[in-house]
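Below is one structure, written out as structure tokens; comments come after it.
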Amino acid sequence: MTEVVATNETILVVGGGISGMTAALEAAETGKNVVLVEKNPAIGGRTSQLYRYFPKLCHPICGLEINLRRLKSNPRIRLLTMAEVTGITGAKGDYTATIRITPRYVNANCTACGDCAKAVDAEIPNPFNYGLNKMKAAYLPNKMAYPMRFVLDKSIIGTPDADKAKAACKYNAIDLDMQEETVQIKAGAVVWATGWQPYDANKIQPYGYDRFKNVITSVEFERLADPHGPTGGKILRPSDGKEAKNVAFIQCAGSRDENHLRHCSRICCMASLKQTNYVEERYGNEGKSTIYYIDIRAIDRFEDFYAKVQANPNVSFIKSKVAKVTQDDASGDVILHGVNTEGYHRYATPHDLCVLAVGMEPSVKGAKIPAEILADSSGFIEADPANGAFFGAGCASNALDVNRSVQSATAAALRAIQVVNRVAKAEV
């Protein structure tokens, strides 16, 4: 076990998405030492997988680039990637965290030249694109990855592909002897910012995500629309590559449902409203979107954006909880069945593609956090004095959009700063 130099005046931030980056930067820029832990090979989280933000429809590269620049230039932040917290002991002002670091098999000599990827034959599903395409087993996590360093997938270690990657590297950056490490960190406070994950659409059986290729999730659709995504920004349906010009969006797919997620996932309506723009941008007036909804919740006073989409003649709204989705085997079209509650008309409407606006749930639910904390029935961390100096941030604390996640992370950082300030005073 390796001991990392850290004290109880250090703040531990778990999760390197937009919330974790924000909390780490806010704390470090007030003079606090921070250890930022991320389980993936690069930071940025799900925000880095977005094509555009709502309501301005700008690319997240702007906000992320600023944060990355701040993070790179701040010596008070120590970043550990491919790392997971396996245990936290102690109490407010005096925690010890145990962290497991998975080998990357690529060291700091890497220049991201890509020669290792060219030498490797094996391919693996691309997690950045939610498995919609494949990538080489020697890979750069994404175009904006930080650290800007390749990774060798563990599946090729001990195979000829690993040897090919090592032989191709001119900088001696491939280290096939890297081993898993365990480190311990002392910290006065913990900001838990492990983010969210899309609800498992396979569980929503009536919608056929596990049976029909042309039923996809909203996060997958986001990657399809991105020019850097698996189809180069073309909205193509998975079954046959046909252009999807007639797209259905099903709201509350897994949210507000006692059989799935009880809570409203907050971002889903705005995400679908945003994504109707992708269809129209790609196909003009030939691109048609239909939103099937219970009610539209335009969070954070985005009513103007909703009204703009609602006025678009290429977008239709059907007030209905879709009962089921079937497939026309001849055409590959998906058929949505239900009752339009405005007039109570039954419908069986075909579409090229069906997008499920899946709900948000915490990536690490309260019961699975390696510390004794209080969480609500959905697994979100409670703001409770009983949690000591363990603070939830972003989507670890609630279903939030990017804007509110940043606000939440700033608040968590301020609380953590107060704790370590008291620790410092007590030691004087």
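Chain labels A, B, ... are given in the sequence in which chains occur in the structure tokens; within each chain residues are numbered consecutively from 1, and ligands are likewise numbered from 1 in the order shown.
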Give the helix (DSSP H, G or I) residues of region 239-373 of chain A, as DSSP finds them on the backbone, and put them as a PDB file with C-alpha atoms, in the first residue's frame.
```pdb
ATOM      1  CA  CYS A 268     -35.391  15.146 -19.712  1.00  0.00           C
ATOM      2  CA  CYS A 269     -37.990  17.540 -21.127  1.00  0.00           C
ATOM      3  CA  MET A 270     -35.413  20.198 -21.932  1.00  0.00           C
ATOM      4  CA  ALA A 271     -33.095  17.575 -23.442  1.00  0.00           C
ATOM      5  CA  SER A 272     -35.799  16.383 -25.853  1.00  0.00           C
ATOM      6  CA  LEU A 273     -36.810  19.943 -26.737  1.00  0.00           C
ATOM      7  CA  LYS A 274     -33.157  20.610 -27.533  1.00  0.00           C
ATOM      8  CA  GLN A 275     -32.820  17.439 -29.585  1.00  0.00           C
ATOM      9  CA  THR A 276     -35.709  18.368 -31.879  1.00  0.00           C
ATOM     10  CA  ASN A 277     -33.363  21.104 -33.127  1.00  0.00           C
ATOM     11  CA  TYR A 278     -30.832  18.457 -34.140  1.00  0.00           C
ATOM     12  CA  VAL A 279     -33.410  16.768 -36.369  1.00  0.00           C
ATOM     13  CA  GLU A 280     -34.400  20.012 -38.081  1.00  0.00           C
ATOM     14  CA  GLU A 281     -30.797  21.168 -38.503  1.00  0.00           C
ATOM     15  CA  ARG A 282     -29.888  17.909 -40.196  1.00  0.00           C
ATOM     16  CA  TYR A 283     -32.951  17.517 -42.451  1.00  0.00           C
ATOM     17  CA  GLY A 284     -34.637  20.934 -42.618  1.00  0.00           C
ATOM     18  CA  ASN A 285     -38.389  20.817 -43.150  1.00  0.00           C
ATOM     19  CA  GLU A 286     -38.144  17.097 -43.938  1.00  0.00           C
ATOM     20  CA  GLU A 303     -40.283  28.565 -20.751  1.00  0.00           C
ATOM     21  CA  ASP A 304     -39.225  30.772 -23.692  1.00  0.00           C
ATOM     22  CA  PHE A 305     -37.196  27.913 -25.154  1.00  0.00           C
ATOM     23  CA  TYR A 306     -40.179  25.569 -24.779  1.00  0.00           C
ATOM     24  CA  ALA A 307     -42.485  28.107 -26.431  1.00  0.00           C
ATOM     25  CA  LYS A 308     -40.085  28.478 -29.353  1.00  0.00           C
ATOM     26  CA  VAL A 309     -39.993  24.726 -29.958  1.00  0.00           C
ATOM     27  CA  GLN A 310     -43.749  24.470 -29.473  1.00  0.00           C
ATOM     28  CA  GLY A 366     -26.124   6.069  -1.185  1.00  0.00           C
ATOM     29  CA  ALA A 367     -26.164   2.444  -0.067  1.00  0.00           C
ATOM     30  CA  LYS A 368     -23.053   1.711  -2.172  1.00  0.00           C
TER      31      LYS A 368
END
```
- Item | Those in region 35-199 of chain A with strand (DSSP E or B) from DSSP, as a PyMOL selection string | chain A and resi 35-37+77-80+83-91+94-101+106+123-125+134-136+138-139+151-152+174+181-187+189-192+196-198
Can you write just those residues out, N, CA and C atoms, as a short mmCIF file (atom, residue, chain, number, x, y, z; two decimals), in the first residue's frame?
```cif
data_model
loop_
_atom_site.label_atom_id
_atom_site.label_comp_id
_atom_site.auth_asym_id
_atom_site.auth_seq_id
_atom_site.Cartn_x
_atom_site.Cartn_y
_atom_site.Cartn_z
N VAL A 35 -7.31 16.62 -3.57
CA VAL A 35 -7.06 15.40 -4.34
C VAL A 35 -8.35 15.09 -5.09
N LEU A 36 -8.27 15.07 -6.41
CA LEU A 36 -9.43 14.83 -7.28
C LEU A 36 -9.33 13.41 -7.84
N VAL A 37 -10.32 12.59 -7.56
CA VAL A 37 -10.30 11.17 -7.93
C VAL A 37 -11.36 10.91 -9.00
N ILE A 77 -4.01 21.03 -6.99
CA ILE A 77 -4.89 19.90 -7.30
C ILE A 77 -4.06 18.71 -7.75
N ARG A 78 -4.20 17.60 -7.05
CA ARG A 78 -3.58 16.35 -7.48
C ARG A 78 -4.67 15.48 -8.10
N LEU A 79 -4.51 15.11 -9.35
CA LEU A 79 -5.51 14.33 -10.08
C LEU A 79 -5.10 12.86 -10.13
N LEU A 80 -6.02 11.99 -9.73
CA LEU A 80 -5.83 10.54 -9.85
C LEU A 80 -6.92 10.01 -10.77
N ALA A 83 -9.18 5.66 -10.94
CA ALA A 83 -9.08 5.44 -9.50
C ALA A 83 -10.48 5.42 -8.87
N GLU A 84 -10.67 4.55 -7.91
CA GLU A 84 -11.95 4.44 -7.21
C GLU A 84 -11.73 4.40 -5.72
N VAL A 85 -12.58 5.10 -5.00
CA VAL A 85 -12.53 5.08 -3.54
C VAL A 85 -13.21 3.79 -3.06
N THR A 86 -12.48 2.98 -2.31
CA THR A 86 -13.03 1.70 -1.84
C THR A 86 -13.41 1.73 -0.37
N GLY A 87 -12.97 2.77 0.33
CA GLY A 87 -13.33 2.87 1.74
C GLY A 87 -13.01 4.23 2.31
N ILE A 88 -13.85 4.71 3.22
CA ILE A 88 -13.60 5.97 3.92
C ILE A 88 -13.89 5.73 5.40
N THR A 89 -12.90 5.99 6.24
CA THR A 89 -13.07 5.85 7.68
C THR A 89 -12.76 7.18 8.34
N GLY A 90 -13.12 7.28 9.63
CA GLY A 90 -12.85 8.50 10.37
C GLY A 90 -14.09 9.34 10.55
N ALA A 91 -13.87 10.60 10.89
CA ALA A 91 -14.98 11.50 11.17
C ALA A 91 -14.66 12.89 10.64
N ASP A 94 -11.24 14.57 9.94
CA ASP A 94 -10.16 13.57 10.03
C ASP A 94 -10.59 12.27 9.35
N TYR A 95 -10.62 12.28 8.03
CA TYR A 95 -10.98 11.09 7.25
C TYR A 95 -9.73 10.43 6.67
N THR A 96 -9.81 9.12 6.48
CA THR A 96 -8.81 8.39 5.72
C THR A 96 -9.52 7.63 4.61
N ALA A 97 -9.15 7.91 3.38
CA ALA A 97 -9.78 7.25 2.22
C ALA A 97 -8.80 6.26 1.60
N THR A 98 -9.30 5.10 1.28
CA THR A 98 -8.52 4.08 0.56
C THR A 98 -8.94 4.11 -0.90
N ILE A 99 -7.95 4.21 -1.78
CA ILE A 99 -8.23 4.38 -3.20
C ILE A 99 -7.48 3.33 -4.01
N ARG A 100 -8.22 2.67 -4.89
CA ARG A 100 -7.63 1.67 -5.78
C ARG A 100 -7.41 2.30 -7.15
N ILE A 101 -6.17 2.20 -7.66
CA ILE A 101 -5.83 2.78 -8.97
C ILE A 101 -5.55 1.66 -9.95
N VAL A 106 0.12 2.98 -19.78
CA VAL A 106 0.75 4.06 -20.54
C VAL A 106 1.23 5.09 -19.53
N GLU A 123 -10.47 -4.51 -31.29
CA GLU A 123 -11.40 -3.40 -31.08
C GLU A 123 -12.31 -3.71 -29.89
N ILE A 124 -12.76 -2.65 -29.24
CA ILE A 124 -13.66 -2.78 -28.11
C ILE A 124 -14.79 -1.76 -28.27
N PRO A 125 -15.95 -1.96 -27.61
CA PRO A 125 -17.02 -0.95 -27.67
C PRO A 125 -16.52 0.38 -27.11
N LYS A 134 -17.24 1.04 -32.34
CA LYS A 134 -16.08 0.41 -31.71
C LYS A 134 -14.85 1.27 -31.91
N MET A 135 -13.86 1.03 -31.07
CA MET A 135 -12.60 1.75 -31.17
C MET A 135 -11.46 0.76 -30.92
N LYS A 136 -10.25 1.19 -31.25
CA LYS A 136 -9.09 0.34 -31.02
C LYS A 136 -8.88 0.14 -29.51
N ALA A 138 -6.20 0.26 -27.99
CA ALA A 138 -5.29 1.30 -27.53
C ALA A 138 -5.95 2.60 -27.97
N TYR A 139 -6.34 3.45 -27.01
CA TYR A 139 -7.24 4.54 -27.38
C TYR A 139 -7.01 5.78 -26.54
N VAL A 151 -4.63 4.94 -23.49
CA VAL A 151 -4.88 3.85 -22.55
C VAL A 151 -4.81 2.55 -23.33
N LEU A 152 -4.25 1.52 -22.72
CA LEU A 152 -4.35 0.17 -23.28
C LEU A 152 -5.43 -0.57 -22.50
N ILE A 174 4.74 2.96 -23.32
CA ILE A 174 3.95 1.77 -23.02
C ILE A 174 4.65 0.97 -21.92
N GLU A 181 -2.59 -0.34 -7.92
CA GLU A 181 -2.05 0.25 -6.71
C GLU A 181 -3.18 0.56 -5.73
N THR A 182 -2.84 0.60 -4.46
CA THR A 182 -3.76 1.07 -3.44
C THR A 182 -3.08 2.19 -2.67
N VAL A 183 -3.74 3.32 -2.56
CA VAL A 183 -3.17 4.45 -1.82
C VAL A 183 -4.14 4.87 -0.73
N GLN A 184 -3.61 5.52 0.29
CA GLN A 184 -4.45 6.08 1.35
C GLN A 184 -4.24 7.58 1.41
N ILE A 185 -5.33 8.30 1.62
CA ILE A 185 -5.30 9.75 1.64
C ILE A 185 -5.99 10.25 2.90
N LYS A 186 -5.37 11.17 3.58
CA LYS A 186 -5.99 11.86 4.71
C LYS A 186 -6.70 13.10 4.17
N ALA A 187 -7.86 13.36 4.71
CA ALA A 187 -8.62 14.54 4.28
C ALA A 187 -9.50 15.02 5.42
N ALA A 189 -12.28 16.87 4.74
CA ALA A 189 -13.64 16.86 4.21
C ALA A 189 -13.67 16.13 2.87
N VAL A 190 -14.84 15.61 2.56
CA VAL A 190 -15.02 14.86 1.32
C VAL A 190 -16.18 15.46 0.53
N VAL A 191 -15.93 15.79 -0.73
CA VAL A 191 -16.99 16.19 -1.65
C VAL A 191 -17.24 15.02 -2.60
N TRP A 192 -18.45 14.46 -2.52
CA TRP A 192 -18.78 13.28 -3.32
C TRP A 192 -19.55 13.75 -4.55
N TRP A 196 -24.15 11.05 -12.41
CA TRP A 196 -25.37 10.29 -12.68
C TRP A 196 -25.13 9.27 -13.77
N GLN A 197 -26.08 8.35 -13.87
CA GLN A 197 -26.08 7.39 -14.97
C GLN A 197 -27.50 7.32 -15.54
N PRO A 198 -27.61 7.03 -16.85
CA PRO A 198 -28.95 6.90 -17.44
C PRO A 198 -29.64 5.67 -16.86
#
```
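When only C-alpha atoms are used to measure the gap to Met144 (chain A), the shortest distance among A:Ile318, A:Ile296, A:Ile157, A:Leu68 belongs to A:Leu68.
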- For Thr349 (chain A), which residue among A:Val14, A:Ala399, A:Val247, A:Ile61 is the nearest when counting only C-alpha atoms?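 Using only C-alpha atoms, Thr349 (chain A) sits closest to A:Val247.
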- Message: Residues near Thr81 (chain A), anyone? I mean within 6 Å using only C-alpha atoms, not counting same-chain ones fewer than 6 positions away, as a PyMOL selection string.
- Response: chain A and resi 38-39+41
Pick out the residues sitting within 12 Å of Pro60 (chain A), and hand them over as a PDB file with C-alpha atoms, in the first residue's frame; count only C-alpha atoms, and ignore anything fewer than 5 positions along from it in its own chain.
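This went into result-v5.pdb:
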```
ATOM      1  CA  ILE A  18     -18.384  19.076 -14.197  1.00  0.00           C
ATOM      2  CA  GLY A  44     -15.150  15.737 -17.933  1.00  0.00           C
ATOM      3  CA  GLY A  45     -17.870  13.212 -17.144  1.00  0.00           C
ATOM      4  CA  ARG A  46     -21.168  13.173 -19.006  1.00  0.00           C
ATOM      5  CA  THR A  47     -20.922  16.857 -19.845  1.00  0.00           C
ATOM      6  CA  SER A  48     -18.056  16.002 -22.208  1.00  0.00           C
ATOM      7  CA  GLN A  49     -20.401  13.573 -23.991  1.00  0.00           C
ATOM      8  CA  LEU A  50     -22.973  16.246 -24.786  1.00  0.00           C
ATOM      9  CA  TYR A  51     -23.246  17.709 -28.265  1.00  0.00           C
ATOM     10  CA  ARG A  52     -24.816  20.973 -27.081  1.00  0.00           C
ATOM     11  CA  TYR A  53     -26.197  22.669 -23.990  1.00  0.00           C
ATOM     12  CA  PHE A  54     -29.716  24.046 -23.743  1.00  0.00           C
ATOM     13  CA  GLU A  65     -11.909  24.129 -21.889  1.00  0.00           C
ATOM     14  CA  ILE A  66     -11.904  26.961 -19.352  1.00  0.00           C
ATOM     15  CA  ASN A  67     -12.083  24.540 -16.434  1.00  0.00           C
ATOM     16  CA  MET A 144     -10.545  16.744 -25.354  1.00  0.00           C
ATOM     17  CA  ASP A 226     -22.511  15.111 -32.657  1.00  0.00           C
ATOM     18  CA  VAL A 402     -25.256  21.424 -15.722  1.00  0.00           C
ATOM     19  CA  ASN A 403     -26.005  24.905 -14.410  1.00  0.00           C
TER      20      ASN A 403
END
```
- Task: Pick out the closest residue to Arg70 (chain A) from this set: A:Ala112, A:Leu25, A:Ala389, A:Ala253. Count only C-alpha atoms.
- Result: A:Leu25
- For Gly392 (chain A), which of A:Gly15, A:Cys113, A:Glu220, A:Pro141 is the closest residue, counting only C-alpha atoms?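 Using only C-alpha atoms, Gly392 (chain A) sits closest to A:Gly15.
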- Task: Compile the contact shell of Arg266 (chain A) as a VMD selection string: residues with an atom at most 10 Å away, counting only C-alpha atoms, same-chain residues fewer than 4 positions apart removed.
- Result: chain A and resid 252 255 270 to 271 297 to 300 359 to 360 398 to 401
- Item | Shortest interatomic distance to Met178 (chain A) - which of A:Ala409, A:Lys72, A:Ser265, A:Asn107, counting only C-alpha atoms |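 Smallest separation from Met178 (chain A) among the options: A:Asn107.
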- Item | Test item: residues at most 9 Å from Phe391 (chain A), only C-alpha atoms, excluding those fewer than 2 positions along its chain, as an MDAnalysis selection string | chainID A and resid 189:193 381:384 387:389 393 397 412:413 415:416
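Excluding Asp257 (chain A) and any residue on its chain fewer than 6 positions from it, the residues at most 12 Å away by only C-alpha atoms are Ile204, Gln251, His263, Cys264, Ser265, Ile294, Lys321, Val358, Gly359 and Ser378 of chain A.
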